[in-house]
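The structure file run.tsv is reproduced below (TSV, C-alpha atoms and all ligand atoms).
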chain	number	residue	atom	x	y	z
A	1	MET	CA	31.77	-34.84	48.66
A	2	VAL	CA	27.98	-34.62	48.81
A	3	SER	CA	26.12	-31.33	48.97
A	4	GLU	CA	23.72	-30.08	51.60
A	5	HIS	CA	20.97	-30.46	49.02
A	6	GLU	CA	21.78	-34.17	48.65
A	7	VAL	CA	21.81	-34.64	52.42
A	8	ARG	CA	18.40	-33.04	52.71
A	9	ALA	CA	17.09	-35.12	49.81
A	10	ALA	CA	18.29	-38.29	51.55
A	11	LEU	CA	16.69	-37.21	54.83
A	12	ALA	CA	13.40	-36.51	53.04
A	13	ALA	CA	13.03	-40.30	52.86
A	14	VAL	CA	12.85	-40.48	56.67
A	15	MET	CA	9.35	-40.34	58.08
A	16	ASP	CA	8.08	-39.29	61.46
A	17	PRO	CA	5.78	-42.31	61.89
A	18	GLU	CA	3.48	-40.47	64.24
A	19	LEU	CA	2.99	-37.38	62.11
A	20	GLY	CA	3.05	-39.32	58.85
A	21	ARG	CA	5.33	-36.82	57.07
A	22	ASN	CA	9.02	-36.73	56.33
A	23	ILE	CA	11.38	-35.00	58.72
A	24	VAL	CA	12.55	-32.41	56.16
A	25	ASP	CA	9.03	-31.25	55.33
A	26	LEU	CA	8.28	-31.13	59.05
A	27	GLY	CA	11.17	-28.68	59.48
A	28	MET	CA	13.03	-30.99	61.82
A	29	VAL	CA	16.37	-30.93	59.98
A	30	ARG	CA	18.51	-27.89	60.85
A	31	ASP	CA	22.08	-26.62	60.65
A	32	VAL	CA	23.38	-29.13	58.13
A	33	ALA	CA	27.18	-28.91	57.90
A	34	LEU	CA	29.61	-30.94	55.83
A	35	ALA	CA	33.34	-31.37	56.32
A	36	ASP	CA	35.77	-34.11	55.27
A	37	GLY	CA	33.25	-36.89	54.94
A	38	ARG	CA	31.54	-35.90	58.16
A	39	VAL	CA	27.95	-34.67	58.14
A	40	THR	CA	26.47	-32.90	61.17
A	41	PHE	CA	22.96	-31.61	61.64
A	42	THR	CA	20.37	-30.93	64.29
A	43	LEU	CA	17.21	-32.99	64.48
A	44	ALA	CA	14.57	-30.84	66.17
A	45	LEU	CA	11.90	-33.16	67.52
A	46	THR	CA	8.45	-32.17	68.69
A	47	THR	CA	9.39	-33.44	72.12
A	48	LEU	CA	12.55	-34.89	73.60
A	49	ALA	CA	10.35	-37.40	75.38
A	50	CYS	CA	9.28	-38.67	71.93
A	51	PRO	CA	8.96	-42.45	72.16
A	52	LEU	CA	10.03	-42.74	68.51
A	53	LYS	CA	13.13	-40.63	69.00
A	54	GLU	CA	15.65	-43.47	68.65
A	55	GLN	CA	13.90	-44.86	65.60
A	56	ILE	CA	13.84	-41.50	63.78
A	57	GLU	CA	17.44	-40.77	64.70
A	58	ARG	CA	18.59	-44.21	63.55
A	59	ASN	CA	16.78	-43.93	60.21
A	60	ALA	CA	18.17	-40.44	59.64
A	61	ARG	CA	21.70	-41.65	60.35
A	62	LEU	CA	21.36	-44.61	57.99
A	63	ALA	CA	19.91	-42.44	55.21
A	64	VAL	CA	22.88	-40.07	55.33
A	65	LEU	CA	25.48	-42.80	55.76
A	66	ALA	CA	24.18	-44.40	52.57
A	67	LEU	CA	25.35	-41.36	50.57
A	68	PRO	CA	28.69	-41.70	48.75
A	69	ASP	CA	31.77	-40.37	50.58
A	70	VAL	CA	29.97	-39.91	53.89
A	71	GLN	CA	32.09	-41.48	56.63
A	72	SER	CA	30.37	-40.29	59.77
A	73	VAL	CA	27.15	-38.64	60.84
A	74	ASP	CA	26.78	-36.52	63.95
A	75	ILE	CA	23.21	-35.75	64.99
A	76	GLN	CA	22.37	-33.25	67.70
A	77	LEU	CA	18.94	-33.80	69.13
A	78	GLY	CA	16.92	-30.67	69.77
A	79	GLU	CA	13.39	-29.62	70.32
A	80	MET	CA	11.05	-27.38	68.35
A	81	THR	CA	9.86	-24.17	69.89
A	82	ALA	CA	6.28	-23.83	71.08
A	83	GLN	CA	5.36	-21.78	67.98
A	84	GLU	CA	6.89	-24.31	65.62
A	85	LYS	CA	4.98	-27.11	67.30
A	86	ALA	CA	1.76	-25.14	67.23
A	87	ARG	CA	2.23	-24.54	63.49
A	88	LEU	CA	2.84	-28.24	62.97
A	89	HIS	CA	-0.38	-29.15	64.69
A	90	GLY	CA	-2.36	-26.45	62.97
A	91	GLY	CA	-2.16	-24.28	66.05
A	92	GLU	CA	-3.82	-26.89	68.22
A	93	GLN	CA	-1.04	-27.75	70.62
A	94	PRO	CA	0.31	-24.77	72.47
A	95	GLU	CA	3.17	-25.85	74.70
A	96	GLY	CA	2.33	-26.22	78.35
A	97	LEU	CA	-1.38	-26.69	77.69
A	98	ALA	CA	-1.36	-29.66	80.07
A	99	GLU	CA	0.28	-27.48	82.71
A	100	LYS	CA	-2.58	-25.00	82.41
A	101	LEU	CA	-5.14	-27.76	82.86
A	102	ASN	CA	-3.31	-29.39	85.78
A	103	HIS	CA	-4.05	-28.58	89.36
A	104	VAL	CA	-1.44	-30.04	91.68
A	105	LYS	CA	-1.77	-29.01	95.31
A	106	HIS	CA	1.49	-30.36	96.73
A	107	VAL	CA	4.75	-31.37	95.09
A	108	ILE	CA	7.05	-33.42	97.32
A	109	ALA	CA	10.47	-34.63	96.18
A	110	VAL	CA	12.29	-37.57	97.75
A	111	MET	CA	16.02	-37.02	97.94
A	112	SER	CA	19.20	-38.45	99.44
A	113	GLY	CA	22.88	-37.74	99.32
A	114	LYS	CA	23.84	-41.33	98.51
A	115	GLY	CA	22.54	-43.83	95.99
A	116	GLY	CA	20.72	-47.00	96.94
A	117	VAL	CA	19.41	-45.86	100.32
A	118	GLY	CA	15.80	-46.44	99.28
A	119	LYS	CA	14.57	-43.13	97.81
A	120	SER	CA	12.51	-44.83	95.14
A	121	LEU	CA	11.07	-47.19	97.69
A	122	VAL	CA	10.17	-44.29	99.99
A	123	ALA	CA	8.65	-42.40	97.03
A	124	GLY	CA	6.63	-45.49	96.11
A	125	LEU	CA	5.47	-46.09	99.69
A	126	LEU	CA	4.62	-42.43	100.21
A	127	ALA	CA	2.46	-42.45	97.09
A	128	THR	CA	0.86	-45.74	98.15
A	129	SER	CA	0.10	-44.52	101.70
A	130	LEU	CA	-1.33	-41.21	100.48
A	131	ARG	CA	-3.49	-43.02	97.94
A	132	ARG	CA	-4.74	-45.38	100.67
A	133	SER	CA	-5.76	-42.32	102.66
A	134	GLY	CA	-7.94	-41.32	99.72
A	135	TYR	CA	-5.82	-38.63	98.09
A	136	GLN	CA	-5.31	-38.20	94.35
A	137	VAL	CA	-1.65	-39.03	93.87
A	138	GLY	CA	0.91	-38.94	91.08
A	139	VAL	CA	4.54	-40.04	90.89
A	140	LEU	CA	6.96	-38.20	88.63
A	141	ASP	CA	10.09	-40.29	88.13
A	142	ALA	CA	12.84	-37.70	87.77
A	143	ASP	CA	15.51	-40.39	87.71
A	144	ILE	CA	16.00	-40.37	83.95
A	145	THR	CA	19.14	-42.51	83.79
A	146	GLY	CA	18.10	-45.02	86.48
A	147	PRO	CA	14.30	-45.05	86.54
A	148	SER	CA	12.92	-47.61	88.99
A	149	ILE	CA	9.36	-46.45	89.65
A	150	PRO	CA	7.48	-48.29	86.83
A	151	LYS	CA	8.89	-51.68	87.84
A	152	MET	CA	7.52	-51.23	91.36
A	153	PHE	CA	3.99	-50.49	90.21
A	154	PHE	CA	3.46	-52.31	86.92
A	155	PRO	CA	4.03	-56.09	86.86
A	156	ASN	CA	3.50	-56.23	83.09
A	157	GLY	CA	4.94	-52.89	82.05
A	158	ALA	CA	2.82	-49.92	81.04
A	159	ARG	CA	2.58	-47.21	78.40
A	160	PRO	CA	1.49	-43.65	78.87
A	161	GLY	CA	-1.67	-42.71	77.06
A	162	SER	CA	-1.41	-40.03	74.42
A	163	SER	CA	-3.83	-37.46	73.23
A	164	PRO	CA	-3.21	-34.73	70.66
A	165	LEU	CA	-2.95	-32.29	73.53
A	166	ALA	CA	-0.73	-33.95	76.09
A	167	ILE	CA	0.94	-37.08	77.43
A	168	LEU	CA	-1.34	-38.99	79.78
A	169	PRO	CA	0.33	-40.67	82.76
A	170	ALA	CA	0.00	-44.42	83.18
A	171	GLU	CA	-2.32	-45.42	85.99
A	172	THR	CA	-1.59	-48.10	88.58
A	173	ARG	CA	-4.17	-50.58	89.85
A	174	THR	CA	-5.02	-48.37	92.83
A	175	GLY	CA	-5.18	-45.25	90.67
A	176	ILE	CA	-1.77	-43.62	91.16
A	177	ARG	CA	-0.73	-41.68	88.05
A	178	VAL	CA	2.84	-42.40	87.01
A	179	MET	CA	5.18	-40.78	84.53
A	180	SER	CA	8.68	-42.10	83.89
A	181	ILE	CA	11.09	-42.18	80.97
A	182	ASN	CA	10.87	-45.97	81.20
A	183	LEU	CA	7.25	-45.83	80.09
A	184	LEU	CA	8.41	-44.18	76.86
A	185	LEU	CA	11.33	-46.46	76.01
A	186	GLU	CA	10.94	-49.33	73.59
A	187	ALA	CA	12.61	-51.76	75.99
A	188	GLU	CA	12.66	-51.42	79.75
A	189	ASP	CA	16.39	-52.14	79.98
A	190	GLN	CA	17.33	-49.64	77.27
A	191	ALA	CA	20.06	-47.34	78.57
A	192	VAL	CA	19.50	-43.62	78.57
A	193	ILE	CA	22.80	-41.87	77.98
A	194	TRP	CA	22.03	-38.19	77.97
A	195	ARG	CA	23.73	-35.07	79.14
A	196	GLY	CA	22.33	-32.81	81.81
A	197	PRO	CA	20.43	-30.34	79.59
A	198	LEU	CA	18.50	-33.12	77.84
A	199	ILE	CA	17.63	-34.69	81.17
A	200	SER	CA	16.47	-31.35	82.55
A	201	GLY	CA	14.35	-30.81	79.43
A	202	VAL	CA	12.55	-34.12	79.87
A	203	ILE	CA	11.91	-33.46	83.56
A	204	ARG	CA	10.41	-30.08	82.75
A	205	GLN	CA	8.23	-31.70	80.11
A	206	PHE	CA	7.03	-34.23	82.63
A	207	TRP	CA	5.66	-31.20	84.45
A	208	THR	CA	4.48	-29.05	81.54
A	209	ASP	CA	3.27	-31.61	78.99
A	210	VAL	CA	1.84	-34.40	81.12
A	211	LEU	CA	-1.83	-34.19	81.90
A	212	TRP	CA	-1.72	-34.94	85.63
A	213	GLY	CA	-5.15	-33.42	86.16
A	214	GLU	CA	-6.27	-32.77	89.74
A	215	LEU	CA	-3.70	-34.08	92.22
A	216	ASP	CA	-3.46	-33.65	95.96
A	217	TYR	CA	0.14	-34.91	95.94
A	218	LEU	CA	2.75	-35.30	93.25
A	219	VAL	CA	5.66	-37.33	94.60
A	220	VAL	CA	8.93	-36.80	92.71
A	221	ASP	CA	11.57	-39.52	92.83
A	222	LEU	CA	15.01	-37.94	92.39
A	223	PRO	CA	18.27	-39.59	91.36
A	224	PRO	CA	20.95	-39.74	94.07
A	225	GLY	CA	22.88	-36.65	95.04
A	226	THR	CA	22.81	-33.09	93.90
A	227	SER	CA	22.80	-33.56	90.15
A	228	ASP	CA	21.25	-31.49	87.34
A	229	ALA	CA	18.03	-33.46	87.66
A	230	SER	CA	17.64	-32.52	91.33
A	231	LEU	CA	18.43	-28.89	90.58
A	232	THR	CA	15.86	-28.81	87.78
A	233	VAL	CA	13.16	-30.26	90.00
A	234	LEU	CA	13.90	-27.88	92.87
A	235	GLN	CA	14.10	-24.87	90.56
A	236	SER	CA	11.33	-25.38	88.10
A	237	LEU	CA	8.61	-27.25	89.94
A	238	PRO	CA	6.43	-25.53	92.55
A	239	MET	CA	7.85	-27.50	95.47
A	240	SER	CA	6.01	-27.93	98.74
A	241	GLY	CA	9.00	-29.64	100.27
A	242	VAL	CA	11.64	-32.36	100.23
A	243	LEU	CA	11.74	-35.63	102.10
A	244	LEU	CA	15.31	-36.69	102.89
A	245	VAL	CA	16.17	-40.37	103.05
A	246	THR	CA	19.21	-41.81	104.75
A	247	SER	CA	20.43	-45.22	105.91
A	248	PRO	CA	22.49	-46.17	108.96
A	249	GLN	CA	25.41	-46.91	106.63
A	250	ASP	CA	25.63	-43.25	105.91
A	251	LEU	CA	27.92	-42.90	108.91
A	252	ALA	CA	29.24	-39.39	108.62
A	253	GLY	CA	26.00	-38.01	107.29
A	254	MET	CA	28.17	-35.70	105.26
A	255	VAL	CA	26.41	-36.41	101.98
A	256	VAL	CA	23.00	-35.91	103.55
A	257	ARG	CA	24.11	-32.55	104.87
A	258	LYS	CA	25.27	-31.62	101.38
A	259	ALA	CA	21.90	-32.52	99.89
A	260	ALA	CA	20.09	-30.69	102.70
A	261	GLN	CA	22.22	-27.62	102.14
A	262	MET	CA	21.37	-27.54	98.47
A	263	VAL	CA	17.66	-27.79	99.22
A	264	GLN	CA	17.84	-25.05	101.81
A	265	GLN	CA	19.88	-22.81	99.52
A	266	MET	CA	17.14	-23.09	96.94
A	267	GLY	CA	14.62	-21.94	99.50
A	268	VAL	CA	12.69	-25.22	99.49
A	269	PRO	CA	11.48	-26.50	102.87
A	270	ILE	CA	12.77	-29.86	104.13
A	271	LEU	CA	9.78	-31.73	105.50
A	272	GLY	CA	11.89	-34.20	107.41
A	273	LEU	CA	14.32	-37.09	107.45
A	274	VAL	CA	13.46	-40.80	107.14
A	275	GLU	CA	15.92	-43.55	107.99
A	276	ASN	CA	15.55	-46.61	105.80
A	277	MET	CA	17.03	-50.10	106.44
A	278	SER	CA	17.25	-49.09	110.05
A	279	TYR	CA	16.80	-52.47	111.69
A	280	PHE	CA	15.71	-56.01	111.03
A	281	VAL	CA	13.05	-57.84	113.02
A	282	CYS	CA	13.98	-61.50	113.32
A	283	PRO	CA	10.91	-63.50	112.28
A	284	ASP	CA	11.75	-66.29	114.75
A	285	THR	CA	12.37	-64.28	117.88
A	286	GLY	CA	10.71	-60.93	117.06
A	287	LYS	CA	13.91	-59.30	118.24
A	288	GLN	CA	15.15	-56.12	116.54
A	289	HIS	CA	18.69	-56.15	115.19
A	290	GLU	CA	20.49	-53.03	114.06
A	291	ILE	CA	22.40	-54.69	111.27
A	292	PHE	CA	24.17	-51.61	109.96
A	293	GLY	CA	24.90	-50.26	113.42
A	294	ALA	CA	23.03	-48.03	115.83
A	295	SER	CA	20.70	-45.49	114.31
A	296	ARG	CA	22.00	-41.96	114.24
A	297	ALA	CA	19.27	-40.46	112.10
A	298	ASP	CA	17.47	-38.65	114.92
A	299	ARG	CA	20.71	-36.90	115.85
A	300	MET	CA	21.39	-36.16	112.20
A	301	ALA	CA	17.94	-34.62	111.84
A	302	ALA	CA	18.50	-32.51	114.93
A	303	ARG	CA	21.80	-31.28	113.50
A	304	LEU	CA	20.09	-30.35	110.26
A	305	GLY	CA	17.29	-28.69	112.17
A	306	VAL	CA	14.64	-30.79	110.43
A	307	PRO	CA	11.98	-33.14	111.85
A	308	PHE	CA	12.89	-36.82	112.21
A	309	LEU	CA	9.95	-38.67	110.70
A	310	GLY	CA	10.76	-42.28	111.46
A	311	ARG	CA	12.62	-45.47	110.69
A	312	LEU	CA	11.84	-48.24	108.24
A	313	PRO	CA	12.96	-51.82	108.82
A	314	ILE	CA	14.86	-54.01	106.38
A	315	ASP	CA	12.12	-56.27	105.11
A	316	PRO	CA	12.88	-58.95	102.52
A	317	ARG	CA	9.26	-58.75	101.37
A	318	ILE	CA	9.95	-55.21	100.14
A	319	ALA	CA	12.51	-56.36	97.61
A	320	THR	CA	10.22	-59.18	96.45
A	321	LEU	CA	7.18	-56.93	96.08
A	322	CYS	CA	9.19	-54.18	94.36
A	323	ASP	CA	10.54	-56.65	91.81
A	324	ALA	CA	7.07	-58.04	91.18
A	325	GLY	CA	5.39	-54.68	90.60
A	326	GLN	CA	3.32	-55.11	93.77
A	327	ILE	CA	4.56	-52.26	95.97
A	328	GLU	CA	1.01	-50.91	96.26
A	329	PHE	CA	-0.01	-54.01	98.15
A	330	TYR	CA	2.71	-53.86	100.80
A	331	ALA	CA	1.27	-53.38	104.25
A	332	ALA	CA	3.58	-50.64	105.40
A	333	GLU	CA	2.42	-49.86	108.92
A	334	ALA	CA	5.74	-48.21	109.68
A	335	PHE	CA	5.20	-45.97	106.71
A	336	GLN	CA	1.64	-44.85	107.31
A	337	ALA	CA	2.76	-42.77	110.30
A	338	ILE	CA	5.48	-41.14	108.18
A	339	ALA	CA	2.96	-40.30	105.47
A	340	GLU	CA	0.62	-38.76	108.01
A	341	GLN	CA	3.40	-36.48	109.22
A	342	VAL	CA	4.18	-35.50	105.65
A	343	VAL	CA	0.54	-34.48	105.18
A	344	LYS	CA	0.72	-32.31	108.29
A	345	LEU	CA	4.06	-30.77	107.35
A	346	ALA	CA	3.58	-30.13	103.63
A	347	PRO	CA	2.53	-26.56	103.08
A	348	GLY	CA	0.56	-25.62	99.97
A	349	ALA	CA	2.37	-25.52	96.66
A	350	ARG	CA	4.64	-22.52	96.36
A	351	GLN	CA	5.66	-20.67	93.27
A	352	PRO	CA	8.67	-22.25	91.55
A	353	ALA	CA	12.01	-20.93	92.81
A	354	ALA	CA	12.69	-19.92	89.21
A	355	PRO	CA	10.21	-19.88	86.34
A	356	PRO	CA	10.49	-22.98	84.13
A	357	ALA	CA	12.83	-22.14	81.24
A	401	LIG	N1	13.77	-51.34	103.83
A	401	LIG	C1	14.13	-52.16	102.85
A	401	LIG	N2	14.07	-53.50	103.00
A	401	LIG	C2	14.44	-54.33	102.00
A	401	LIG	N3	14.87	-53.94	100.81
A	401	LIG	C3	14.95	-52.62	100.58
A	401	LIG	C4	14.58	-51.66	101.58
A	401	LIG	N4	14.74	-50.42	101.06
A	401	LIG	C5	15.18	-50.60	99.82
A	401	LIG	N5	15.31	-51.90	99.51
A	401	LIG	C6	15.80	-52.48	98.26
A	401	LIG	O1	17.07	-51.88	98.00
A	401	LIG	C7	17.21	-51.54	96.64
A	401	LIG	C8	17.49	-50.04	96.50
A	401	LIG	O2	16.33	-49.30	96.86
A	401	LIG	P1	15.84	-48.05	96.02
A	401	LIG	O3	15.87	-48.37	94.56
A	401	LIG	O4	14.59	-47.59	96.59
A	401	LIG	O5	17.02	-47.05	96.36
A	401	LIG	P2	17.34	-45.63	95.71
A	401	LIG	O6	17.90	-44.79	96.80
A	401	LIG	O7	16.17	-45.12	94.98
A	401	LIG	O8	18.47	-46.03	94.69
A	401	LIG	P3	19.08	-45.09	93.52
A	401	LIG	O9	20.03	-44.18	94.21
A	401	LIG	O10	19.75	-46.08	92.63
A	401	LIG	O11	17.93	-44.38	92.89
A	401	LIG	C9	15.93	-51.98	95.96
A	401	LIG	O12	16.13	-53.24	95.38
A	401	LIG	C10	14.93	-52.07	97.08
A	401	LIG	O13	13.94	-53.04	96.81
A	402	MG	MG	15.96	-44.56	92.94
Translate the structure described by the file into structure tokens.
Amino acid sequence: MVSEHEVRAALAAVMDPELGRNIVDLGMVRDVALADGRVTFTLALTTLACPLKEQIERNARLAVLALPDVQSVDIQLGEMTAQEKARLHGGEQPEGLAEKLNHVKHVIAVMSGKGGVGKSLVAGLLATSLRRSGYQVGVLDADITGPSIPKMFFPNGARPGSSPLAILPAETRTGIRVMSINLLLEAEDQAVIWRGPLISGVIRQFWTDVLWGELDYLVVDLPPGTSDASLTVLQSLPMSGVLLVTSPQDLAGMVVRKAAQMVQQMGVPILGLVENMSYFVCPDTGKQHEIFGASRADRMAARLGVPFLGRLPIDPRIATLCDAGQIEFYAAEAFQAIAEQVVKLAPGARQPAAPPA
């Protein structure tokens, strides 16, 4: 069986392409353990949002597998501490520097109980409407496993900018700053299969390490339900409030109540409820049809004790524009009124419910 020394020697051939040094010298290889042909170690990256993560991990795995008698390699991905990173960069990159330079007045998360009700669309339209009103706006895509924000805004894909000090968000044609895991992946359809703690870490980094600059509104698109990602956002970002989205298919409203309860338990205000896919206006007759049944959202809002902000129609143009990266150019009259209410209802940014870990 190989020795730890041999494993480290093999890994010393693996470079971090960005830093131009090998991963052993960079102090990224930790906790090497060997047992019965199985090698395990931790790979501590400078950031879990590292765009080269897969490449480094793959090369490390191949280097160790090439050793005699090694049958399997188990790599735990980790992250360096702030001090370690600072040492690496000659003390130039204290963690959370971006956070200190950022000034975000309002953070608003878009949430639902169920999947597919149109959260991402509402997040995109809210950002678009606020931008049209002249605000500085950002969108933080907290849906790490199913990110759909970049596709709505960037017809030809986009990459975040990078500086030695922070990650720079990508900017849309109308000047909305966007950060999403999809902007960091090599291929847009690459699957992200991560456990909760990794996902939470990336979301926190999207807050601490992204240079958002001066923003009036940061809109956060959450994954469906009350997952780790939602908890992380509600706990570690200084939330102004949550916008709940529902659809008429959500008959019992039970899942919305669950989501609302979680938000309220965390002491975050609910700004209001929006019903999406509420009705369809027939282009021939101009008549409104309630395809998924009569709207119950106003009653649901009353039951939750939150404002009912409005209904959005089913509009085939939405799907077309979303797929084409043209959401910013959708004339969303129905949405402008909702956005105006959000502006009135969103209080100033509060302190995070819990300090970011
Ligand atoms: N009002 C609408 N009219 C037409 N199409 C819509 C409407 N709302 C949403 N869609 C389409 O429905 C699909 C789901 O919407 P969206 O991705 O916004 O939902 P979501 O709640 O964010 O989903 P997930 O839970 O997967 O994150 C998208 O293809 C979107 O373009
Ligand atoms: Mg979504």
May I ask you to write as a list in words all residues lying at most 6 Å from ligand LIG 401 (chain A), with only C-alpha atoms and all ligand atoms counted?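 Checked against 6 Å with only C-alpha atoms and all ligand atoms; the hits are Gly115, Gly116, Val117, Gly118, Lys119, Ser120, Leu121, Pro223, Pro224, Asn276, Met277, Leu312, Pro313, Ile314, Asp315, Pro316, Ile318, Ala319 and Cys322 of chain A.
We find atom CA of A:Leu304 and atom CA of A:Gln235 to be spaced 21.3 Å apart.
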Give the residue list for ligand MG 402 (chain A) at 12 Å, counting all atoms listed in the file, as a count of residues only, sorted by chain and then by residue number. 38
re atom CA of A:Ala346 and atom CA of A:Gly96: distance 25.6 Å
Excluding A:Ile193 and any residue of its chain fewer than 2 positions from it, enumerate the residues within 12 Å of it, using only C-alpha atoms, and give them as a PyMOL selection string. chain A and resi 54+144-146+190-191+195-199
If you count all atoms listed in the file, which residues fall within 6 Å of A:Glu275, apart from same-chain ones fewer than 5 positions away, as a ChimeraX atom specification? /A:245-247,311
Find the residues near A:Thr232: any atom within 9 Å, counting only C-alpha atoms, skip ones fewer than 5 places away on the same chain, and give them as a list in words. Ser200, Gly201, Ile203, Arg204, Ser227, Leu237 and Pro356 of chain A
Contacts of A:Leu126 at 10 Å (all atoms listed in the file; same-chain gap of 6+ positions) as a list in words: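 Residues meeting the cut-off are Ile108, Val110, Ser120, Arg132, Val137, Val139, Tyr217, Val219, Ala332, Phe335, Gln336, Ile338, Ala339, Glu340 and Val342 of chain A.
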Emit the selected residues as a PDB file, in the coordinates of the input, including C-alpha atoms.
ATOM      1  CA  ILE A 108       7.050 -33.420  97.320  1.00  0.00           C
ATOM      2  CA  VAL A 110      12.290 -37.570  97.750  1.00  0.00           C
ATOM      3  CA  SER A 120      12.510 -44.830  95.140  1.00  0.00           C
ATOM      4  CA  ARG A 132      -4.740 -45.380 100.670  1.00  0.00           C
ATOM      5  CA  VAL A 137      -1.650 -39.030  93.870  1.00  0.00           C
ATOM      6  CA  VAL A 139       4.540 -40.040  90.890  1.00  0.00           C
ATOM      7  CA  TYR A 217       0.140 -34.910  95.940  1.00  0.00           C
ATOM      8  CA  VAL A 219       5.660 -37.330  94.600  1.00  0.00           C
ATOM      9  CA  ALA A 332       3.580 -50.640 105.400  1.00  0.00           C
ATOM     10  CA  PHE A 335       5.200 -45.970 106.710  1.00  0.00           C
ATOM     11  CA  GLN A 336       1.640 -44.850 107.310  1.00  0.00           C
ATOM     12  CA  ILE A 338       5.480 -41.140 108.180  1.00  0.00           C
ATOM     13  CA  ALA A 339       2.960 -40.300 105.470  1.00  0.00           C
ATOM     14  CA  GLU A 340       0.620 -38.760 108.010  1.00  0.00           C
ATOM     15  CA  VAL A 342       4.180 -35.500 105.650  1.00  0.00           C
TER      16      VAL A 342
END
To one decimal in Å, tell me the separation between atom CA of A:Gly310 and atom CA of A:Val104.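 Taking atom CA of A:Gly310 as the start and atom CA of A:Val104 as the end point, the length is 26.3 Å.
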A:Met266 environment, 9 Å, only C-alpha atoms, sequence neighbours closer than 4 positions dropped, as a list of chain:residue names: A:Leu231, A:Leu234, A:Gln235, A:Gln261, A:Met262, A:Ala353
Up to 9 Å from (27.2, -31.1, 60.9) in the file's coordinates: name the residues, counting all atoms listed in the file, as a PDB file with C-alpha atoms, in the frame of the given file.
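The result, written out as result35.pdb:
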ATOM      1  CA  ASP A  31      22.080 -26.620  60.650  1.00  0.00           C
ATOM      2  CA  VAL A  32      23.380 -29.130  58.130  1.00  0.00           C
ATOM      3  CA  ALA A  33      27.180 -28.910  57.900  1.00  0.00           C
ATOM      4  CA  LEU A  34      29.610 -30.940  55.830  1.00  0.00           C
ATOM      5  CA  ALA A  35      33.340 -31.370  56.320  1.00  0.00           C
ATOM      6  CA  ARG A  38      31.540 -35.900  58.160  1.00  0.00           C
ATOM      7  CA  VAL A  39      27.950 -34.670  58.140  1.00  0.00           C
ATOM      8  CA  THR A  40      26.470 -32.900  61.170  1.00  0.00           C
ATOM      9  CA  PHE A  41      22.960 -31.610  61.640  1.00  0.00           C
ATOM     10  CA  THR A  42      20.370 -30.930  64.290  1.00  0.00           C
ATOM     11  CA  VAL A  73      27.150 -38.640  60.840  1.00  0.00           C
ATOM     12  CA  ASP A  74      26.780 -36.520  63.950  1.00  0.00           C
ATOM     13  CA  ILE A  75      23.210 -35.750  64.990  1.00  0.00           C
ATOM     14  CA  GLN A  76      22.370 -33.250  67.700  1.00  0.00           C
TER      15      GLN A  76
END
When you count all atoms listed in the file, which of these residues is closest to A:Ser133: A:Ala337, A:Ala294, A:Met28, A:Leu345?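 Nearest candidate to A:Ser133 out of A:Ala337, A:Ala294, A:Met28, A:Leu345: A:Ala337.
The shortest atom-to-atom distance to A:His103, with all atoms listed in the file taken into account, belongs to A:Leu218 out of A:Ala9, A:Leu218, A:Leu243, A:Val255.
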Which residue is closest to A:Arg87? Choose from A:Leu271, A:Gly161, A:Leu26, A:Tyr135 and count all atoms listed in the file.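 Going through A:Leu271, A:Gly161, A:Leu26, A:Tyr135 one by one, the smallest distance to A:Arg87 is for A:Leu26.
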Nearest to A:Ala127 by atom-to-atom distance, counting all atoms listed in the file, from A:Ala98, A:Leu321, A:Ile327, A:Val70: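 The shortest atom-to-atom distance to A:Ala127 comes from A:Ile327.
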Hey, could you pull the box centre and edge lengths for stretch 234-244 of chain A, axis-aligned, 8 Å padding per side, all listed atoms, to one decimal in Å, as JSON?
{"center_x": 10.7, "center_y": -30.8, "center_z": 95.5, "size_x": 25.3, "size_y": 27.8, "size_z": 30.8}
When distances are computed from all atoms listed in the file, which of A:Val202, A:Val343, A:Leu309, A:Met179 shows the smallest separation from A:Ser129?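 Comparing A:Val202, A:Val343, A:Leu309, A:Met179 against A:Ser129, the winner is A:Val343.
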From the options A:Met239, A:Leu65, A:Val14, A:Ile56, which residue's atoms come nearest to A:Gly37, counting all atoms listed in the file? A:Leu65
